[in-house]
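A.B. asks: File name structure.txt; file contents compact mmCIF, C-alpha atoms and all ligand atoms; full text below.
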# COMPACT_ATOMS: atom_id res chain seq x y z
CA MET E 223 65.95 -15.46 127.76
CA GLU E 224 62.77 -14.20 126.05
CA GLY E 225 60.81 -11.18 127.16
CA ILE E 226 63.61 -9.23 128.84
CA MET E 227 63.79 -5.59 127.78
CA ARG E 228 67.18 -4.10 128.44
CA ILE E 229 67.43 -0.33 128.07
CA PRO E 230 70.04 0.33 125.36
CA ILE E 231 72.93 2.57 126.34
CA ILE E 232 74.58 4.90 123.85
CA ALA E 233 77.81 6.27 125.30
CA GLY E 234 80.18 8.74 123.68
CA ASN E 235 83.86 8.26 124.54
CA TRP E 236 85.49 11.59 123.71
CA LYS E 237 89.00 10.26 124.49
CA LEU E 238 91.73 12.95 124.46
CA ASN E 239 89.54 15.58 122.80
CA LYS E 240 87.73 18.81 123.74
CA THR E 241 88.72 21.73 125.91
CA ILE E 242 86.24 22.76 128.59
CA SER E 243 84.49 25.30 126.37
CA GLU E 244 84.36 22.87 123.43
CA ALA E 245 82.98 20.17 125.70
CA VAL E 246 80.23 22.45 126.99
CA ALA E 247 79.34 23.54 123.44
CA LEU E 248 79.09 19.91 122.27
CA THR E 249 77.00 18.97 125.30
CA THR E 250 74.65 21.92 124.84
CA ALA E 251 74.07 21.02 121.18
CA LEU E 252 73.55 17.35 122.03
CA LYS E 253 71.14 18.17 124.85
CA ALA E 254 68.80 19.92 122.42
CA LEU E 255 68.98 17.08 119.88
CA VAL E 256 68.19 14.25 122.32
CA ALA E 257 65.73 16.16 124.51
CA ASP E 258 62.76 14.01 123.44
CA ASN E 259 64.47 10.68 124.07
CA THR E 260 63.07 8.74 127.00
CA SER E 261 63.85 5.16 125.97
CA VAL E 262 67.65 5.06 125.63
CA GLU E 263 70.31 5.91 128.24
CA VAL E 264 72.60 8.56 126.72
CA ILE E 265 76.05 9.02 128.26
CA VAL E 266 78.95 11.32 127.45
CA ALA E 267 82.51 10.66 128.63
CA PRO E 268 84.58 13.85 128.36
CA PRO E 269 88.20 14.11 129.54
CA PHE E 270 88.67 14.61 133.31
CA THR E 271 89.22 18.36 132.98
CA ALA E 272 85.75 18.92 131.49
CA LEU E 273 83.72 16.60 133.75
CA SER E 274 82.55 19.22 136.18
CA ALA E 275 81.56 21.75 133.51
CA VAL E 276 79.74 19.08 131.48
CA SER E 277 78.00 17.95 134.66
CA ASP E 278 76.62 21.48 135.06
CA ALA E 279 75.64 21.59 131.38
CA ILE E 280 73.60 18.35 131.59
CA ALA E 281 71.83 19.26 134.83
CA SER E 282 68.14 18.28 134.64
CA SER E 283 68.61 16.68 131.21
CA ASN E 284 68.40 13.03 130.13
CA ILE E 285 72.18 12.80 129.54
CA ARG E 286 74.43 11.05 132.06
CA LEU E 287 78.12 11.59 132.71
CA ALA E 288 80.97 9.06 132.57
CA ALA E 289 84.70 9.32 133.16
CA GLN E 290 87.14 7.49 130.89
CA ASP E 291 89.13 5.83 133.68
CA VAL E 292 89.41 5.68 137.48
CA TYR E 293 92.11 4.68 139.95
CA SER E 294 91.60 1.78 142.34
CA GLU E 295 92.50 3.72 145.51
CA ASP E 296 90.30 6.44 147.01
CA SER E 297 93.11 8.86 147.97
CA GLY E 298 96.81 9.03 148.80
CA ALA E 299 100.20 9.39 147.20
CA PHE E 300 99.26 8.40 143.65
CA THR E 301 100.34 11.37 141.55
CA GLY E 302 98.27 11.94 138.45
CA GLU E 303 95.43 9.58 139.34
CA VAL E 304 91.73 10.34 139.87
CA SER E 305 89.60 8.32 142.29
CA ALA E 306 86.02 7.10 142.34
CA PRO E 307 84.91 9.53 145.10
CA MET E 308 86.40 12.39 143.04
CA LEU E 309 84.47 11.28 139.93
CA LYS E 310 81.28 11.00 141.95
CA ASP E 311 81.93 14.49 143.28
CA ALA E 312 82.38 15.76 139.69
CA GLY E 313 78.93 14.42 138.78
CA CYS E 314 79.71 11.05 137.17
CA ASP E 315 77.28 8.13 137.24
CA TYR E 316 79.43 5.84 135.07
CA VAL E 317 83.09 5.16 134.40
CA ILE E 318 84.68 3.41 131.41
CA ILE E 319 87.20 0.81 132.62
CA GLY E 320 89.64 -1.31 130.61
CA HIS E 321 89.31 0.47 127.27
CA SER E 322 91.64 -1.18 124.76
CA GLU E 323 93.69 2.02 124.51
CA ARG E 324 94.34 1.80 128.26
CA ARG E 325 95.26 -1.88 127.91
CA GLN E 326 97.49 -1.16 124.90
CA TYR E 327 99.27 2.06 125.93
CA PHE E 328 98.99 2.25 129.72
CA GLY E 329 99.55 -1.29 130.94
CA GLU E 330 95.96 -2.01 132.03
CA THR E 331 95.52 -5.69 132.89
CA ASN E 332 92.53 -7.85 133.80
CA ASP E 333 93.65 -7.53 137.44
CA SER E 334 93.85 -3.74 137.42
CA VAL E 335 90.50 -3.60 135.61
CA ASN E 336 89.00 -5.77 138.35
CA GLN E 337 90.38 -3.54 141.12
CA LYS E 338 89.03 -0.43 139.39
CA VAL E 339 85.63 -2.06 138.89
CA LYS E 340 85.45 -2.80 142.61
CA ALA E 341 86.53 0.75 143.52
CA ALA E 342 83.88 2.22 141.22
CA LEU E 343 81.12 0.00 142.62
CA ALA E 344 82.12 0.88 146.18
CA HIS E 345 81.30 4.50 145.36
CA ASP E 346 78.12 3.92 143.42
CA LEU E 347 79.70 4.47 140.01
CA LYS E 348 78.58 2.09 137.27
CA PRO E 349 81.54 0.54 135.46
CA ILE E 350 81.44 0.17 131.67
CA ILE E 351 83.89 -2.71 131.33
CA CYS E 352 85.52 -2.94 127.89
CA VAL E 353 86.60 -6.26 126.42
CA GLY E 354 87.83 -7.14 122.95
CA GLU E 355 90.28 -9.11 120.88
CA GLN E 356 93.03 -7.84 118.62
CA LEU E 357 93.11 -8.67 114.91
CA GLU E 358 95.90 -11.27 115.27
CA GLU E 359 93.95 -12.95 118.06
CA ARG E 360 90.80 -13.15 115.93
CA GLU E 361 92.80 -14.49 112.99
CA ALA E 362 94.42 -17.11 115.24
CA GLY E 363 90.98 -18.30 116.37
CA GLN E 364 91.52 -16.95 119.90
CA THR E 365 88.58 -14.54 120.12
CA GLU E 366 86.60 -16.54 122.68
CA THR E 367 89.67 -17.24 124.83
CA VAL E 368 90.55 -13.54 124.97
CA ILE E 369 86.98 -12.42 125.62
CA LYS E 370 86.61 -15.02 128.35
CA SER E 371 89.76 -13.82 130.11
CA HIS E 372 88.72 -10.14 129.85
CA VAL E 373 85.19 -10.82 131.10
CA THR E 374 85.97 -13.27 133.90
CA GLY E 375 89.07 -11.29 134.96
CA GLY E 376 87.20 -7.98 134.97
CA ILE E 377 84.23 -9.19 137.03
CA ALA E 378 86.09 -11.62 139.34
CA GLY E 379 84.67 -11.63 142.85
CA LEU E 380 81.56 -9.57 142.04
CA SER E 381 78.22 -10.58 143.53
CA ALA E 382 75.16 -10.78 141.28
CA ALA E 383 74.02 -7.45 142.76
CA ASP E 384 77.39 -5.88 141.90
CA LEU E 385 77.22 -7.26 138.37
CA SER E 386 73.76 -5.77 137.87
CA SER E 387 75.35 -2.31 138.22
CA CYS E 388 77.90 -3.09 135.48
CA VAL E 389 77.72 -2.58 131.74
CA LEU E 390 79.93 -4.59 129.39
CA ALA E 391 81.22 -3.21 126.10
CA TYR E 392 82.46 -5.56 123.39
CA GLU E 393 84.99 -3.61 121.36
CA PRO E 394 87.03 -5.63 118.86
CA VAL E 395 90.35 -3.75 118.87
CA TRP E 396 90.63 -4.05 115.08
CA ALA E 397 87.39 -2.07 114.71
CA ILE E 398 88.25 0.86 117.01
CA GLY E 399 89.00 4.05 115.11
CA THR E 400 89.75 2.07 111.95
CA GLY E 401 86.49 2.49 110.05
CA LYS E 402 86.15 -1.33 110.03
CA THR E 403 83.07 -2.49 111.90
CA ALA E 404 82.30 -6.01 113.01
CA THR E 405 79.45 -7.38 110.91
CA PRO E 406 76.16 -7.65 112.79
CA ASP E 407 76.63 -11.44 112.86
CA GLN E 408 80.18 -11.19 114.24
CA ALA E 409 78.99 -8.80 116.95
CA GLN E 410 75.98 -10.92 117.86
CA GLU E 411 78.14 -14.06 118.07
CA VAL E 412 80.50 -12.50 120.63
CA HIS E 413 77.71 -10.76 122.58
CA ASN E 414 75.89 -14.07 122.83
CA PHE E 415 79.13 -15.73 123.98
CA ILE E 416 79.55 -13.07 126.69
CA ARG E 417 75.98 -13.56 127.86
CA GLY E 418 76.70 -17.30 128.02
CA LEU E 419 79.74 -16.62 130.23
CA LEU E 420 77.56 -14.55 132.58
CA THR E 421 74.96 -17.32 132.63
CA GLU E 422 77.62 -19.86 133.63
CA ALA E 423 79.06 -17.57 136.31
CA TYR E 424 75.71 -16.32 137.70
CA SER E 425 72.40 -17.40 136.14
CA ALA E 426 70.38 -16.94 132.97
CA GLU E 427 68.21 -14.41 134.78
CA VAL E 428 71.18 -12.30 135.91
CA ALA E 429 72.82 -12.56 132.46
CA SER E 430 69.63 -11.50 130.70
CA GLN E 431 69.60 -8.20 132.60
CA ILE E 432 73.13 -7.05 131.75
CA CYS E 433 73.55 -4.47 129.04
CA ILE E 434 76.27 -5.41 126.51
CA GLN E 435 77.23 -2.53 124.23
CA TYR E 436 79.07 -2.87 120.93
CA GLY E 437 81.92 -0.49 120.10
CA GLY E 438 84.15 -0.10 117.07
CA SER E 439 83.55 2.46 114.31
CA VAL E 440 79.83 2.78 115.05
CA LYS E 441 78.34 5.47 112.80
CA PRO E 442 74.79 6.58 111.97
CA GLU E 443 75.05 4.42 108.81
CA ASN E 444 75.76 1.12 110.58
CA ALA E 445 74.22 1.62 114.02
CA ALA E 446 70.75 0.25 113.25
CA GLU E 447 71.88 -3.10 111.80
CA LEU E 448 74.11 -3.69 114.83
CA MET E 449 71.53 -2.68 117.41
CA VAL E 450 68.72 -4.88 116.11
CA GLN E 451 70.84 -7.91 117.04
CA PRO E 452 69.21 -9.58 120.04
CA ASP E 453 72.25 -9.35 122.35
CA VAL E 454 73.53 -5.93 121.27
CA ASP E 455 72.25 -3.36 123.76
CA GLY E 456 73.52 -0.07 122.42
CA ALA E 457 76.91 1.29 121.48
CA LEU E 458 80.11 2.77 122.83
CA VAL E 459 81.01 5.39 120.26
CA GLY E 460 84.35 7.14 119.78
CA GLY E 461 84.82 9.26 116.64
CA ALA E 462 81.13 9.72 115.84
CA SER E 463 80.44 11.05 119.35
CA LEU E 464 82.59 14.14 118.76
CA GLU E 465 79.83 15.82 116.76
CA ALA E 466 76.38 16.34 118.23
CA GLU E 467 74.52 15.53 115.01
CA SER E 468 76.16 12.16 114.33
CA PHE E 469 75.92 11.08 117.96
CA ALA E 470 72.26 12.13 118.16
CA LYS E 471 71.54 10.15 114.98
CA ILE E 472 73.00 7.03 116.62
CA VAL E 473 70.72 7.67 119.61
CA GLU E 474 67.76 7.92 117.20
CA MET E 475 68.79 4.60 115.61
CA ALA E 476 68.86 2.99 119.04
CA VAL E 477 65.40 4.32 119.82
CA SER E 478 63.96 2.99 116.58
CA SER E 479 65.79 -0.38 116.83
CA GLN E 480 64.37 -0.77 120.29
CA LEU E 481 60.85 0.06 119.12
CA ARG E 482 61.24 -2.52 116.36
CA GLY E 483 62.38 -5.09 118.93
CA TRP E 484 59.29 -4.41 120.99
CA LEU E 485 56.83 -4.89 118.11
C1 LIG I 1 85.93 3.70 121.35
O1 LIG I 1 86.74 4.57 121.57
O2 LIG I 1 85.49 3.04 122.29
C2 LIG I 1 85.49 3.49 119.96
C3 LIG I 1 84.68 2.51 119.72
O3 LIG I 1 85.98 4.36 118.99
P1 LIG I 1 85.48 4.49 117.47
O4 LIG I 1 83.96 4.57 117.52
O5 LIG I 1 86.08 5.74 116.97
O6 LIG I 1 85.91 3.26 116.74
Rewrite the coordinates I just gave you, this time as structure tokens.

C.D. replies:
Amino acid sequence: MEGIMRIPIIAGNWKLNKTISEAVALTTALKALVADNTSVEVIVAPPFTALSAVSDAIASSNIRLAAQDVYSEDSGAFTGEVSAPMLKDAGCDYVIIGHSERRQYFGETNDSVNQKVKAALAHDLKPIICVGEQLEEREAGQTETVIKSHVTGGIAGLSAADLSSCVLAYEPVWAIGTGKTATPDQAQEVHNFIRGLLTEAYSAEVASQICIQYGGSVKPENAAELMVQPDVDGALVGGASLEAESFAKIVEMAVSSQLRGWL
């Protein structure tokens, strides 16, 4: 749909990295570098242990906080888990759900993703729902089938209002942490397919408002060409988010790609 201006989201997934003091140092450096940005949503996702300290460090800044996972129950006998009310209490606005590493190593399924999405929404946390095919699936021509099952499974049962609080992240598994990035055309093709799925399930108007990030070896060098694609609304960044300078450069690229889109 023409004329819709989605605010790009650049989110840094720090994965299993950074002690509390390292996390605060990175956040403090980043805060200074992105202080002038008003046109892109900037998010950092530290490990659970650093959420509260990073929340304090970003107070009254333009950076928002995300967790890397959430449990579907609010409380109870679930040793080792962290719930949506706890994340809210720690200062989170967003939570990454269904990252491929969680699907690959921790048994995350479309069903568990869906339950977590609902738990997050119930506590006013915005889910960043990750979807993406593996290399063998792409090579076997199954990309659309896999993406369809991740998207429809992840958002099953959500109202249009619920969906409007969600962000989707297309992350081809073969591009995560490998240095291989999807070409801008490959990314656009899948993003457009996802928007088509949302149009079928809801409406073109609803679909046109949803932010779909790209993730997979995004770096300052390739960010601009990905983000000028019409259906690519920012990036979920792993490795390049661990240093303030490279992450801030990606934010700058998003700002300038967006300005170009508006001209
Ligand atoms: C990610 O962890 O979501 C990711 C995209 O990692 P990287 O940028 O390192 O490929």

A.B. asks: Which of these, E:Cys388, E:Val292, E:Val440, E:Ala281, has the shortest distance to Gly461 of chain E once you count only C-alpha atoms?

C.D. replies: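 Answer, going by the shortest atom-to-atom distance: E:Val440.
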
A.B. asks: Do you know which residues are within 7 Å of ligand LIG 1 (chain I) using all atoms listed in the file? Can you write them as a PyMOL selection string?

C.D. replies: chain E and resi 235+237+321+393+397-401+437-440+458-462

A.B. asks: Excluding segment 333-342 of chain E and any residue of its chain fewer than 6 positions from it, enumerate the residues within 9 Å of it, using only C-alpha atoms, and give them as number ranges by chain.

C.D. replies: E: 291-296, 305-307, 316-317, 319-320, 348-351, 372, 375-380, 384, 388

A.B. asks: Could you work out how far atom CA of Met475 of chain E lies from atom CA of Ala257 of chain E, giving the answer in Å with one decimal?

C.D. replies: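 Between atom CA of Ala257 of chain E and atom CA of Met475 of chain E the gap works out to 14.9 Å.
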
A.B. asks: Between atom CA of Leu287 of chain E and atom CA of Leu347 of chain E, what is the distance in Å, rounded to a tenth?

C.D. replies: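 Going from atom CA of Leu287 of chain E over to atom CA of Leu347 of chain E, I get 10.3 Å.
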
A.B. asks: In Å, how far is it from atom CA of Val428 of chain E to atom CA of Glu355 of chain E?

C.D. replies: 24.5 Å

A.B. asks: Here is a test: counting all atoms listed in the file, which residue of E:Ser430, E:Gln290, E:Ser479, E:Asn332 is nearest to Asn239 of chain E?

C.D. replies: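 Using all atoms listed in the file, the shortest distance to Asn239 of chain E belongs to E:Gln290.
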